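Student: The following block contains the structure, expressed as structure tokens.
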Amino acid sequence: MTTVDILVVGAHPDDAEVGVGGLIHKMVTQGYSVGILDLTEGELASRGSPAERAEEARVSAEILGVKRRECAKLKDGKIANTSEQQKKLIPLLRSFRPKVLIAPMSDDRHPDHGAAHELVRDANYFAGLAHLDPDAQREPHRAMRRYFYRVYGDPTIPQLVMDISEHMEAKLEALQQYKSQFYNPEYEGYPTYVSSPQFWDFVRTRAAYWGHRIGVQYGEPLYTTRPLGIDTLPNLEMVR
């Protein structure tokens, strides 16, 4: 199976694009291979069918340059950090073999997002144990670099903000492919928060806010749960 440098995990199709779509496109343009793993098909969404969302996700991934996208097909609304669900994720994590793992952060609006944070964190750890479900086709693997993102806002200050100024339009183009989910007057469906023009405005406004905080046009926040080691001060060349 195709391996990647960076794997972005979302609880539902479109979570990865909302949270770090600009980062995905930026990393691809810098020559890194990026994969997306959707934990569910989003079947509980008030708009769109699993088939529609799968096609939307496929086209969105093509726009961002994603190398491989898979769905773990866990039950929407029932993500939980259990041994059963960990065992469904472990073969996929071993198959992608990412160097860097980007997953949902805790304390987000949708309960699945916080549950996904714990599930992915622990599944990644167990995926590195050689004696856990040994499989010659999928040798143990653990991503040692982990970052986290939120979909619906940032109640806590992020540790990192990625400059996505040159990649914001690609992010929005990818999100526009989710015609059943986001603001689209031509789609007849039950009105939801994410399908409102207010949420669509929020996506750009949020990126502009975090961009402003680091002195650029657009940014995407990232979180860490452990210290990051450095051997020099970041962006030191800017003060020369």
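Ordered as shown in the structure tokens, chains take letters A, B, and onward, while each chain numbers its residues from 1 and ligands are numbered from 1 in the order shown.
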Mind checking DSSP for range 117-175 of chain A and telling me the alpha helix (DSSP H) residues as a list in words?

Tutor: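 Those in range 117-175 of chain A that DSSP calls alpha helix (DSSP H) are His117, Glu118, Leu119, Val120, Arg121, Asp122, Ala123, Asn124, Tyr125, Phe126, Met168, Glu169, Ala170, Lys171, Leu172, Glu173, Ala174 and Leu175 of chain A.
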
Student: Considering only C-alpha atoms, give me a table of residues in range 46-133 of chain A that are at most 12 Å from range 147-164 of chain A, with the closest atom pair and distance in Å for each, as JSON lines.

Tutor:
{"residue": "A:Lys99", "atom": "CA", "partner": "A:Tyr147", "partner_atom": "CA", "distance": 11.5}
{"residue": "A:Val100", "atom": "CA", "partner": "A:Tyr147", "partner_atom": "CA", "distance": 7.8}
{"residue": "A:Leu101", "atom": "CA", "partner": "A:Tyr147", "partner_atom": "CA", "distance": 6.3}
{"residue": "A:Ile102", "atom": "CA", "partner": "A:Tyr147", "partner_atom": "CA", "distance": 4.7}
{"residue": "A:Ala103", "atom": "CA", "partner": "A:Phe148", "partner_atom": "CA", "distance": 4.8}
{"residue": "A:Pro104", "atom": "CA", "partner": "A:Tyr149", "partner_atom": "CA", "distance": 5.1}
{"residue": "A:Met105", "atom": "CA", "partner": "A:Phe148", "partner_atom": "CA", "distance": 5.0}
{"residue": "A:Ser106", "atom": "CA", "partner": "A:Arg150", "partner_atom": "CA", "distance": 7.8}
{"residue": "A:Asp107", "atom": "CA", "partner": "A:Pro155", "partner_atom": "CA", "distance": 8.0}
{"residue": "A:Asp108", "atom": "CA", "partner": "A:Arg150", "partner_atom": "CA", "distance": 6.3}
{"residue": "A:Arg109", "atom": "CA", "partner": "A:Tyr152", "partner_atom": "CA", "distance": 6.1}
{"residue": "A:His110", "atom": "CA", "partner": "A:Tyr152", "partner_atom": "CA", "distance": 8.2}
{"residue": "A:Pro111", "atom": "CA", "partner": "A:Tyr152", "partner_atom": "CA", "distance": 11.5}
{"residue": "A:Asp112", "atom": "CA", "partner": "A:Val151", "partner_atom": "CA", "distance": 11.2}
{"residue": "A:His113", "atom": "CA", "partner": "A:Arg150", "partner_atom": "CA", "distance": 8.0}
{"residue": "A:Gly114", "atom": "CA", "partner": "A:Arg150", "partner_atom": "CA", "distance": 9.3}
{"residue": "A:Ala116", "atom": "CA", "partner": "A:Phe148", "partner_atom": "CA", "distance": 10.8}
{"residue": "A:His117", "atom": "CA", "partner": "A:Phe148", "partner_atom": "CA", "distance": 8.0}
{"residue": "A:Glu118", "atom": "CA", "partner": "A:Phe148", "partner_atom": "CA", "distance": 11.1}
{"residue": "A:Val120", "atom": "CA", "partner": "A:Phe148", "partner_atom": "CA", "distance": 10.5}
{"residue": "A:Arg121", "atom": "CA", "partner": "A:Phe148", "partner_atom": "CA", "distance": 10.0}

Student: Per DSSP on the backbone, filter range 8-240 of chain A down to the residues in strand (DSSP E or B) and report them as an MDAnalysis selection string.

Tutor: chainID A and resid 8:10 34:40 68:74 100:104 145:149 160:163 219:223

Student: Residues near range 177-179 of chain A, anyone? I mean within 8 Å using only C-alpha atoms, not counting same-chain ones fewer than 6 positions away, as a short mmCIF file (atom, residue, chain, number, x, y, z; two decimals) with C-alpha atoms, in the first residue's frame.

Tutor:
data_model
loop_
_atom_site.label_atom_id
_atom_site.label_comp_id
_atom_site.auth_asym_id
_atom_site.auth_seq_id
_atom_site.Cartn_x
_atom_site.Cartn_y
_atom_site.Cartn_z
CA ASP A 14 -14.22 17.33 5.26
CA ARG A 53 -19.69 12.57 0.61
CA GLU A 56 -16.87 14.92 -2.65
CA ALA A 57 -13.94 13.74 -0.52
CA VAL A 59 -12.43 15.31 -5.63
CA SER A 60 -11.33 17.47 -2.71
CA TYR A 187 -28.41 22.10 -2.92
#

Student: From the list A:Ser196, A:Thr40, A:Thr205, A:Thr232, which residue is nearest Lys78 in chain A when using only C-alpha atoms?

Tutor: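 Result for the nearest residue to Lys78 in chain A: A:Thr40.
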
Student: At a cut-off of 7 Å, using only C-alpha atoms, what residues contact Tyr183 in chain A? Leave out same-chain residues fewer than 6 positions from it and give the result as a count of residues only.

Tutor: 4

Student: Quick one: everything within 7 Å of Thr3 in chain A, counting only C-alpha atoms, minus sequence neighbours fewer than 4 positions away in the same chain. Send it as a ChimeraX atom specification.

Tutor: /A:95-98

Student: Keeping only all heavy atoms, write the selected residues as a compact mmCIF listing (two decimals), in the first residue's frame.

Tutor:
# COMPACT_ATOMS: atom_id res chain seq x y z
N SER A 95 -0.24 0.70 7.60
CA SER A 95 -0.21 0.71 6.14
C SER A 95 0.25 2.07 5.61
O SER A 95 1.07 2.15 4.69
CB SER A 95 -1.60 0.38 5.60
OG SER A 95 -1.65 0.52 4.20
N PHE A 96 -0.27 3.16 6.18
CA PHE A 96 0.14 4.50 5.76
C PHE A 96 1.60 4.79 6.16
O PHE A 96 2.30 5.50 5.46
CB PHE A 96 -0.76 5.57 6.39
CG PHE A 96 -2.03 5.84 5.64
CD1 PHE A 96 -3.24 5.33 6.08
CD2 PHE A 96 -2.03 6.65 4.50
CE1 PHE A 96 -4.42 5.61 5.41
CE2 PHE A 96 -3.19 6.94 3.82
CZ PHE A 96 -4.40 6.41 4.27
N ARG A 97 2.01 4.31 7.35
CA ARG A 97 3.36 4.48 7.87
C ARG A 97 3.82 5.94 7.84
O ARG A 97 4.92 6.25 7.33
CB ARG A 97 4.36 3.59 7.13
CG ARG A 97 3.94 2.14 7.06
CD ARG A 97 5.02 1.23 6.53
NE ARG A 97 6.05 1.01 7.52
CZ ARG A 97 5.92 0.19 8.58
NH1 ARG A 97 4.78 -0.48 8.77
NH2 ARG A 97 6.91 0.05 9.44
N PRO A 98 3.05 6.86 8.39
CA PRO A 98 3.45 8.27 8.32
C PRO A 98 4.59 8.59 9.27
O PRO A 98 4.73 7.99 10.34
CB PRO A 98 2.17 9.00 8.77
CG PRO A 98 1.53 8.04 9.73
CD PRO A 98 1.79 6.66 9.13

Student: What's the separation between CA of Val8 in chain A and CA of Ile24 in chain A, in Å to one decimal place?

Tutor: 8.2 Å

Student: Which residue out of A:Ala123, A:Leu172, A:Leu92, A:Ala207 has the minimum interatomic distance to Arg138 in chain A when only C-alpha atoms are used?

Tutor: A:Leu92

Student: At a cut-off of 12 Å, using only C-alpha atoms, what residues contact Glu52 in chain A? Leave out same-chain residues fewer than 2 positions from it and give the result as a PDB file with C-alpha atoms, in the first residue's frame.

Tutor:
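File around35.pdb, as written:
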ATOM      1  CA  PRO A  13     -15.112  13.602   5.531  1.00  0.00           C
ATOM      2  CA  GLU A  41     -18.412   8.074   6.292  1.00  0.00           C
ATOM      3  CA  GLY A  42     -20.327  10.915   7.960  1.00  0.00           C
ATOM      4  CA  GLU A  43     -23.569   8.988   7.616  1.00  0.00           C
ATOM      5  CA  ALA A  45     -24.987  14.231   8.736  1.00  0.00           C
ATOM      6  CA  ARG A  47     -27.310  16.671   4.531  1.00  0.00           C
ATOM      7  CA  GLY A  48     -25.846  14.415   1.883  1.00  0.00           C
ATOM      8  CA  SER A  49     -25.479  10.647   1.656  1.00  0.00           C
ATOM      9  CA  PRO A  50     -22.339   8.576   2.329  1.00  0.00           C
ATOM     10  CA  ALA A  54     -17.261   9.904  -0.593  1.00  0.00           C
ATOM     11  CA  GLU A  55     -17.227  11.421  -4.068  1.00  0.00           C
ATOM     12  CA  GLU A  56     -16.873  14.923  -2.652  1.00  0.00           C
ATOM     13  CA  ALA A  57     -13.940  13.744  -0.524  1.00  0.00           C
ATOM     14  CA  ARG A  58     -12.279  12.131  -3.543  1.00  0.00           C
ATOM     15  CA  VAL A  59     -12.432  15.308  -5.626  1.00  0.00           C
ATOM     16  CA  GLN A 177     -16.349  20.328  -3.493  1.00  0.00           C
ATOM     17  CA  TYR A 178     -18.458  19.343  -0.472  1.00  0.00           C
ATOM     18  CA  LYS A 179     -21.524  20.664  -2.206  1.00  0.00           C
ATOM     19  CA  SER A 180     -23.883  18.767   0.081  1.00  0.00           C
ATOM     20  CA  GLN A 181     -22.304  20.105   3.259  1.00  0.00           C
TER      21      GLN A 181
END

Student: Leaving out Asn124 in chain A and any residue of its chain fewer than 3 positions from it, which residues lie within 7 Å of it when counting only C-alpha atoms, given as a list in words?

Tutor: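 Contacts, in chain order: Ile90, Leu93, Val120, Arg121, Ala127, Gly128, Arg142 and Ala143 of chain A.
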
Student: Smallest atom-to-atom distance to Lys73 in chain A: which of A:Gly31, A:Pro234, A:Gly19, A:Gly10, using only C-alpha atoms?

Tutor: A:Gly10

Student: Work out how far apart CA of Leu7 in chain A and CA of Leu37 in chain A are and give it in Å to one decimal.

Tutor: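 These atoms are spaced 7.2 Å apart.
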
Student: Can you measure CA of Ser165 in chain A to CA of His12 in chain A for me? One decimal in Å is fine.

Tutor: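 Pair CA of Ser165 in chain A / CA of His12 in chain A returns 25.2 Å.
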